[in-house]
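Inspection log for the structure reproduced underneath, given as structure tokens.
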Protein chains: 2
Amino acid sequence: MENRNRQVLLKRRPTGAPTPADFEITDAPPPDPGDGEVLVRGIYLSLDPYMRGRISGQRSYARPVEVGAVMEGRVVGQVARSHDPDFREGDYVLGGFGWQLYSAVPGAGLLKLDPAAAPLSAALVKRAGARVVGIAGGADKCHWVEAELGFDTCIDHRSADLEAALDQACPNGIDVYWENVGGAVQQAVFPRLNDFARMVMCGMVAEYNDVAPRPGPNLMSAVRKRLKIQGFIVGDRWQRFAEYRAMAAPLLRSGELKYREDIVDGLDRAPEAFIGLLQGRNFGKLIVTLADDPTRQV
Amino acid sequence: MENRNRQVLLKRRPTGAPTPADFEITDAPPPDPGDGEVLVRGIYLSLDPYMRGRISGQRSYARPVEVGAVMEGRVVGQVARSHDPDFREGDYVLGGFGWQLYSAVPGAGLLKLDPAAAPLSAALVKRAGARVVGIAGGADKCHWVEAELGFDTCIDHRSADLEAALDQACPNGIDVYWENVGGAVQQAVFPRLNDFARMVMCGMVAEYNDVAPRPGPNLMSAVRKRLKIQGFIVGDRWQRFAEYRAMAAPLLRSGELKYREDIVDGLDRAPEAFIGLLQGRNFGKLIVTLADDPTRQV
């Protein structure tokens, strides 16, 4: 174990797109686990768009990251020392350990991972689901969505005429819209929703850097078309995560459930990777390696 | 039976607020019921905000009223002549007979009314439901909502500071919002919705005269707060209307279910009453009498 704990702190709240100057990389002494706590050495850090909301300071579903505090994030790690009888040195765990190499956390609430069930980093992968028409940024991603994920087609939202592309891909309108991006895509999709369409709202990453919220769609069409619009936060469903893993792990092993990782090496590159994530520069689930993964074959 | 059928036709599509010049009142020969049809003499015509959408010509959940055609509307009437064995002269029926005194319609699809169950005109009343905080336009309506309907409080949406009034009436935010008005009320309510709040969308009458749709609320809060927004149209649920009547009629008789009618006398006044409806000038469910109600005590 190293005798320093590298950390990325929030230095100041960004206005608009975050810049490297909004973060500070420091070394702190490694934490000492108390009674019932374990010391976790991070292996994989998941970077996700929701973090933009956490550092904005605005009212949200979760407490914001304080200025000067360690950036929040979910991490797959390994128990380096345990003061909790339920965990042994070497156990793999998942938890909100943040953008740092080490953390001391209560054993209660930690999720133990079985490296035989699926690759460790896959615990951070979001399942794409059974969508038929994908929307992605750039020709490479669209090609991958069609060729690898098997979508019927994929629209490049950077294309000149998103509305015409949608009309072509969805000549009979849209019955279910998985909303994860907002912005121009939402503006183009919303008028194309069918009667009784459902809009599942998971995020609106294209707008996370906005300084002021953009106007949304006029909701009269929700009446006219009897739309159902439902927002959700994955954290409300943690109690079902074990159920999801039991369902997904065999699908991952068989190759039926596909995913792609964009792995960035080293905590120091986390701010830059996060800034790129908000611009769609990653290609796959963005993960930062904090240490070597003992289960991974090179 | 009179030998003329007075009708209100759509003369032209209004831009913005309708004016009397958008309607034409004419006399036509009374229709002759064909095989399986009945001749209905109208008694009560229901005027409702949705009619603004029907005359706009824009795409909606229902076919628009054509220019030159009889205005659409639901009517309680009495069978004057029957060529359908299921109906006898004198039966009371409910149907979409339009803004006219007589109509010949197929008996199939007509709803027979029992005048002993509830006053005939009550078949057109919308149930207010179990809301605690009401929003109405003007002090008189607010007083009635509080004193007669028994709401905990009622906010005058014409008050100087709607947002402050909402904060006072709903200090812990809003869990369920029955959306029937849109406009400034929606703008004030939406940011005050609580986590997991539900927004039932029935209409947005304050915006029906708009020439172009206003921007709506930014939907990111639907994610943050896990809102459920559900639009509906009463016509999708006609198959449950009998169930509703069976439930509501005894409540009306016992006085538990309260309603108020704003009755305008005579078909010729329908255009003016409809124009006022869109400005909130009615006080209660707006109904136009087409003929004397034989069941009503004067």
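Chain labels follow the order of the structure tokens: the first chain is A, the next B, and so on; residue numbering restarts at 1 in every chain, and ligands are counted from 1 in their shown order.
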Set out as CSV a contact list for chain B and chain A with a cut-off of 9 Å, giving each residue of chain B that qualifies its closest atom pair and distance in Å to one decimal, counting only C-alpha atoms, ordered by chain and rising residue number.
```
residue,atom,partner,partner_atom,distance
B:Ser60,CA,A:Arg224,CA,6.0
B:Tyr61,CA,A:Arg224,CA,5.6
B:Ala62,CA,A:Arg224,CA,8.9
B:Gly182,CA,A:Met220,CA,8.1
B:Asp195,CA,A:Tyr61,CA,8.0
B:Phe196,CA,A:Gly231,CA,8.6
B:Val200,CA,A:Val223,CA,9.0
B:Met201,CA,A:Val223,CA,5.7
B:Cys202,CA,A:Val223,CA,6.0
B:Gly203,CA,A:Val223,CA,6.2
B:Met204,CA,A:Met220,CA,6.4
B:Glu207,CA,A:Met220,CA,8.7
B:Pro213,CA,A:Asn218,CA,6.4
B:Arg214,CA,A:Asn218,CA,6.1
B:Pro215,CA,A:Asn218,CA,5.2
B:Gly216,CA,A:Asn218,CA,4.1
B:Pro217,CA,A:Gly216,CA,4.8
B:Asn218,CA,A:Gly216,CA,4.1
B:Leu219,CA,A:Gly216,CA,6.1
B:Met220,CA,A:Met204,CA,6.4
B:Ser221,CA,A:Gly231,CA,8.3
B:Ala222,CA,A:Gly231,CA,5.0
B:Val223,CA,A:Gly231,CA,4.1
B:Arg224,CA,A:Tyr61,CA,5.6
B:Lys225,CA,A:Tyr61,CA,6.6
B:Arg226,CA,A:Gly231,CA,4.1
B:Leu227,CA,A:Gly231,CA,5.4
B:Lys228,CA,A:Gln230,CA,4.5
B:Ile229,CA,A:Ile229,CA,4.8
B:Gln230,CA,A:Lys228,CA,4.5
B:Gly231,CA,A:Val223,CA,4.1
B:Phe232,CA,A:Arg226,CA,4.6
B:Ile233,CA,A:Val223,CA,6.8
```
Deliver the residues from the most recent selection as a file, using N, CA, C and O atoms, as a compact mmCIF listing (two decimals), in the first residue's frame.
```txt
# COMPACT_ATOMS: atom_id res chain seq x y z
N SER B 60 -54.85 17.12 -33.88
CA SER B 60 -55.18 16.85 -32.50
C SER B 60 -55.66 15.42 -32.39
O SER B 60 -55.50 14.62 -33.31
N TYR B 61 -56.24 15.08 -31.25
CA TYR B 61 -56.69 13.71 -31.04
C TYR B 61 -58.03 13.45 -31.73
O TYR B 61 -58.49 12.34 -31.80
N ALA B 62 -58.68 14.51 -32.23
CA ALA B 62 -59.98 14.35 -32.86
C ALA B 62 -59.99 15.14 -34.16
O ALA B 62 -59.23 16.10 -34.33
N GLY B 182 -52.82 25.38 -17.57
CA GLY B 182 -51.58 25.79 -18.23
C GLY B 182 -51.21 27.22 -17.89
O GLY B 182 -51.55 27.73 -16.81
N ASP B 195 -40.54 15.88 -5.06
CA ASP B 195 -40.00 14.62 -5.57
C ASP B 195 -41.15 13.61 -5.67
O ASP B 195 -41.99 13.51 -4.78
N PHE B 196 -41.15 12.86 -6.76
CA PHE B 196 -42.15 11.82 -7.01
C PHE B 196 -43.56 12.38 -7.19
O PHE B 196 -44.54 11.66 -7.07
N VAL B 200 -51.29 15.25 -13.45
CA VAL B 200 -52.34 14.67 -14.28
C VAL B 200 -52.79 15.77 -15.23
O VAL B 200 -53.23 16.83 -14.79
N MET B 201 -52.66 15.54 -16.53
CA MET B 201 -52.90 16.61 -17.49
C MET B 201 -54.19 16.38 -18.25
O MET B 201 -54.32 15.44 -19.03
N CYS B 202 -55.13 17.28 -18.00
CA CYS B 202 -56.46 17.17 -18.56
C CYS B 202 -56.70 18.25 -19.61
O CYS B 202 -57.50 18.08 -20.51
N GLY B 203 -55.97 19.35 -19.50
CA GLY B 203 -56.15 20.43 -20.45
C GLY B 203 -55.30 21.63 -20.06
O GLY B 203 -54.67 21.64 -19.00
N MET B 204 -55.24 22.62 -20.94
CA MET B 204 -54.46 23.83 -20.67
C MET B 204 -55.23 25.02 -21.25
O MET B 204 -54.75 25.72 -22.14
N GLU B 207 -54.22 28.51 -22.60
CA GLU B 207 -53.39 28.66 -23.80
C GLU B 207 -54.14 28.32 -25.09
O GLU B 207 -53.54 28.32 -26.15
N PRO B 213 -47.63 28.01 -29.86
CA PRO B 213 -47.48 27.42 -28.53
C PRO B 213 -46.38 28.13 -27.72
O PRO B 213 -45.33 28.47 -28.25
N ARG B 214 -46.65 28.32 -26.42
CA ARG B 214 -45.63 28.90 -25.55
C ARG B 214 -44.59 27.83 -25.21
O ARG B 214 -44.90 26.64 -25.25
N PRO B 215 -43.39 28.26 -24.84
CA PRO B 215 -42.42 27.27 -24.35
C PRO B 215 -42.95 26.63 -23.07
O PRO B 215 -43.71 27.26 -22.32
N GLY B 216 -42.59 25.39 -22.85
CA GLY B 216 -42.99 24.71 -21.63
C GLY B 216 -41.86 24.70 -20.63
O GLY B 216 -40.82 25.31 -20.85
N PRO B 217 -42.08 23.99 -19.51
CA PRO B 217 -41.02 23.92 -18.50
C PRO B 217 -39.88 23.03 -18.97
O PRO B 217 -40.11 22.04 -19.68
N ASN B 218 -38.68 23.37 -18.59
CA ASN B 218 -37.55 22.48 -18.86
C ASN B 218 -37.79 21.16 -18.11
O ASN B 218 -38.15 21.15 -16.93
N LEU B 219 -37.61 20.05 -18.82
CA LEU B 219 -38.02 18.76 -18.27
C LEU B 219 -36.95 18.08 -17.42
O LEU B 219 -37.15 16.97 -16.93
N MET B 220 -35.80 18.74 -17.24
CA MET B 220 -34.77 18.10 -16.41
C MET B 220 -35.29 17.85 -14.99
O MET B 220 -34.91 16.88 -14.35
N SER B 221 -36.20 18.71 -14.52
CA SER B 221 -36.70 18.47 -13.17
C SER B 221 -37.57 17.23 -13.11
O SER B 221 -37.78 16.66 -12.05
N ALA B 222 -38.09 16.78 -14.28
CA ALA B 222 -38.82 15.50 -14.29
C ALA B 222 -37.88 14.35 -13.94
O ALA B 222 -38.30 13.37 -13.34
N VAL B 223 -36.61 14.49 -14.33
CA VAL B 223 -35.62 13.48 -13.93
C VAL B 223 -35.25 13.68 -12.46
O VAL B 223 -35.38 12.76 -11.65
N ARG B 224 -34.81 14.89 -12.13
CA ARG B 224 -34.34 15.16 -10.77
C ARG B 224 -35.37 14.77 -9.73
O ARG B 224 -35.05 14.23 -8.69
N LYS B 225 -36.64 15.09 -10.03
CA LYS B 225 -37.69 14.85 -9.04
C LYS B 225 -38.47 13.58 -9.32
O LYS B 225 -39.46 13.31 -8.64
N ARG B 226 -38.10 12.85 -10.34
CA ARG B 226 -38.80 11.60 -10.70
C ARG B 226 -40.30 11.86 -10.86
O ARG B 226 -41.15 11.13 -10.31
N LEU B 227 -40.62 12.92 -11.60
CA LEU B 227 -42.03 13.25 -11.82
C LEU B 227 -42.69 12.23 -12.73
O LEU B 227 -42.03 11.64 -13.59
N LYS B 228 -43.97 12.05 -12.54
CA LYS B 228 -44.78 11.33 -13.52
C LYS B 228 -45.79 12.32 -14.09
O LYS B 228 -46.59 12.91 -13.36
N ILE B 229 -45.74 12.50 -15.41
CA ILE B 229 -46.65 13.41 -16.10
C ILE B 229 -47.50 12.57 -17.02
O ILE B 229 -46.97 11.85 -17.87
N GLN B 230 -48.80 12.61 -16.83
CA GLN B 230 -49.69 11.73 -17.60
C GLN B 230 -50.84 12.56 -18.17
O GLN B 230 -51.61 13.16 -17.42
N GLY B 231 -50.94 12.58 -19.49
CA GLY B 231 -52.07 13.24 -20.12
C GLY B 231 -53.19 12.26 -20.39
O GLY B 231 -52.96 11.07 -20.56
N PHE B 232 -54.42 12.76 -20.40
CA PHE B 232 -55.53 11.88 -20.75
C PHE B 232 -56.65 12.67 -21.40
O PHE B 232 -56.73 13.89 -21.28
N ILE B 233 -57.48 11.95 -22.11
CA ILE B 233 -58.66 12.51 -22.76
C ILE B 233 -59.85 11.70 -22.28
O ILE B 233 -59.82 10.46 -22.33
```
Which polymer residues have any atom within 9 Å of an atom of Arg88 (chain B), counting only C-alpha atoms, with same-chain residues fewer than 5 positions away left out, as a PDB file with N, CA and C atoms, in the first residue's frame?
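around.pdb was written with the following content:
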```pdb
ATOM      1  N   VAL B  38     -82.657   7.601 -34.538  1.00  0.00           N
ATOM      2  CA  VAL B  38     -83.671   8.309 -33.765  1.00  0.00           C
ATOM      3  C   VAL B  38     -83.515   9.806 -34.018  1.00  0.00           C
ATOM      4  N   VAL B  79     -85.731  11.710 -27.066  1.00  0.00           N
ATOM      5  CA  VAL B  79     -86.075  11.100 -28.342  1.00  0.00           C
ATOM      6  C   VAL B  79     -87.442  11.628 -28.795  1.00  0.00           C
ATOM      7  N   ALA B  80     -87.482  12.276 -29.970  1.00  0.00           N
ATOM      8  CA  ALA B  80     -88.723  12.826 -30.510  1.00  0.00           C
ATOM      9  C   ALA B  80     -89.396  11.824 -31.461  1.00  0.00           C
ATOM     10  N   ARG B  81     -88.595  10.999 -32.102  1.00  0.00           N
ATOM     11  CA  ARG B  81     -89.111   9.977 -33.000  1.00  0.00           C
ATOM     12  C   ARG B  81     -88.055   8.877 -33.060  1.00  0.00           C
ATOM     13  N   SER B  82     -88.482   7.614 -33.114  1.00  0.00           N
ATOM     14  CA  SER B  82     -87.498   6.529 -33.078  1.00  0.00           C
ATOM     15  C   SER B  82     -87.726   5.508 -34.184  1.00  0.00           C
ATOM     16  N   HIS B  83     -86.675   5.203 -34.917  1.00  0.00           N
ATOM     17  CA  HIS B  83     -86.666   4.074 -35.837  1.00  0.00           C
ATOM     18  C   HIS B  83     -85.708   2.998 -35.337  1.00  0.00           C
TER      19      HIS B  83
END
```
Which of these residues is nearest to Leu277 (chain A), using only C-alpha atoms: A:Asp22, A:Asp48, A:Asp35, A:Glu89?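 Closest to Leu277 (chain A), using only C-alpha atoms: A:Asp48.
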Please run DSSP on the backbone and report, as a PyMOL selection string, all residues within region 182-222 of chain A that come out as strand (DSSP E or B). chain A and resi 193-201+216
Alpha helix (DSSP H) call set, DSSP backbone run, region 155-241 of chain A, as a VMD selection string: chain A and resid 162 to 169 183 to 189 220 to 224 241
Within 9 Å of Glu24 (chain A), counting only C-alpha atoms, which residues qualify if same-chain residues fewer than 3 places away don't, as a list in words? Gln7, Val8, Leu9, Leu10, Lys11, Pro20, Ala21, Gly68 and Pro271 of chain A
Atoms kept (C-alpha atoms) for selection, written as a PDB file, in the first residue's frame:
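This is the output file selection.pdb:
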```
ATOM      1  CA  GLN A   7      -7.447  12.760  -4.578  1.00  0.00           C
ATOM      2  CA  VAL A   8      -9.283  15.010  -7.024  1.00  0.00           C
ATOM      3  CA  LEU A   9     -11.038  17.869  -5.225  1.00  0.00           C
ATOM      4  CA  LEU A  10     -13.656  20.298  -6.473  1.00  0.00           C
ATOM      5  CA  LYS A  11     -11.758  23.584  -6.479  1.00  0.00           C
ATOM      6  CA  PRO A  20      -9.337  21.644 -15.599  1.00  0.00           C
ATOM      7  CA  ALA A  21      -8.933  24.705 -13.361  1.00  0.00           C
ATOM      8  CA  GLY A  68     -12.787  21.666  -1.417  1.00  0.00           C
ATOM      9  CA  PRO A 271     -10.938  15.864 -14.816  1.00  0.00           C
TER      10      PRO A 271
END
```
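Using only C-alpha atoms for every distance, the candidate list B:Val211, B:Val40, B:Leu45, B:Val189 yields B:Val211 as the residue closest to Arg13 (chain B).
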Minimum-distance residue to Asp156 (chain B), chosen among B:Ala246, B:Val185, B:Val105, B:Val125 (using only C-alpha atoms):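 Ranked by minimum distance to Asp156 (chain B), first place goes to B:Val185.
Put simply, CA of Gly36 (chain A) is 5.8 Å away from CA of Pro106 (chain A).
Going from CA of Leu162 (chain B) to CA of Phe190 (chain B) covers 12.4 Å.
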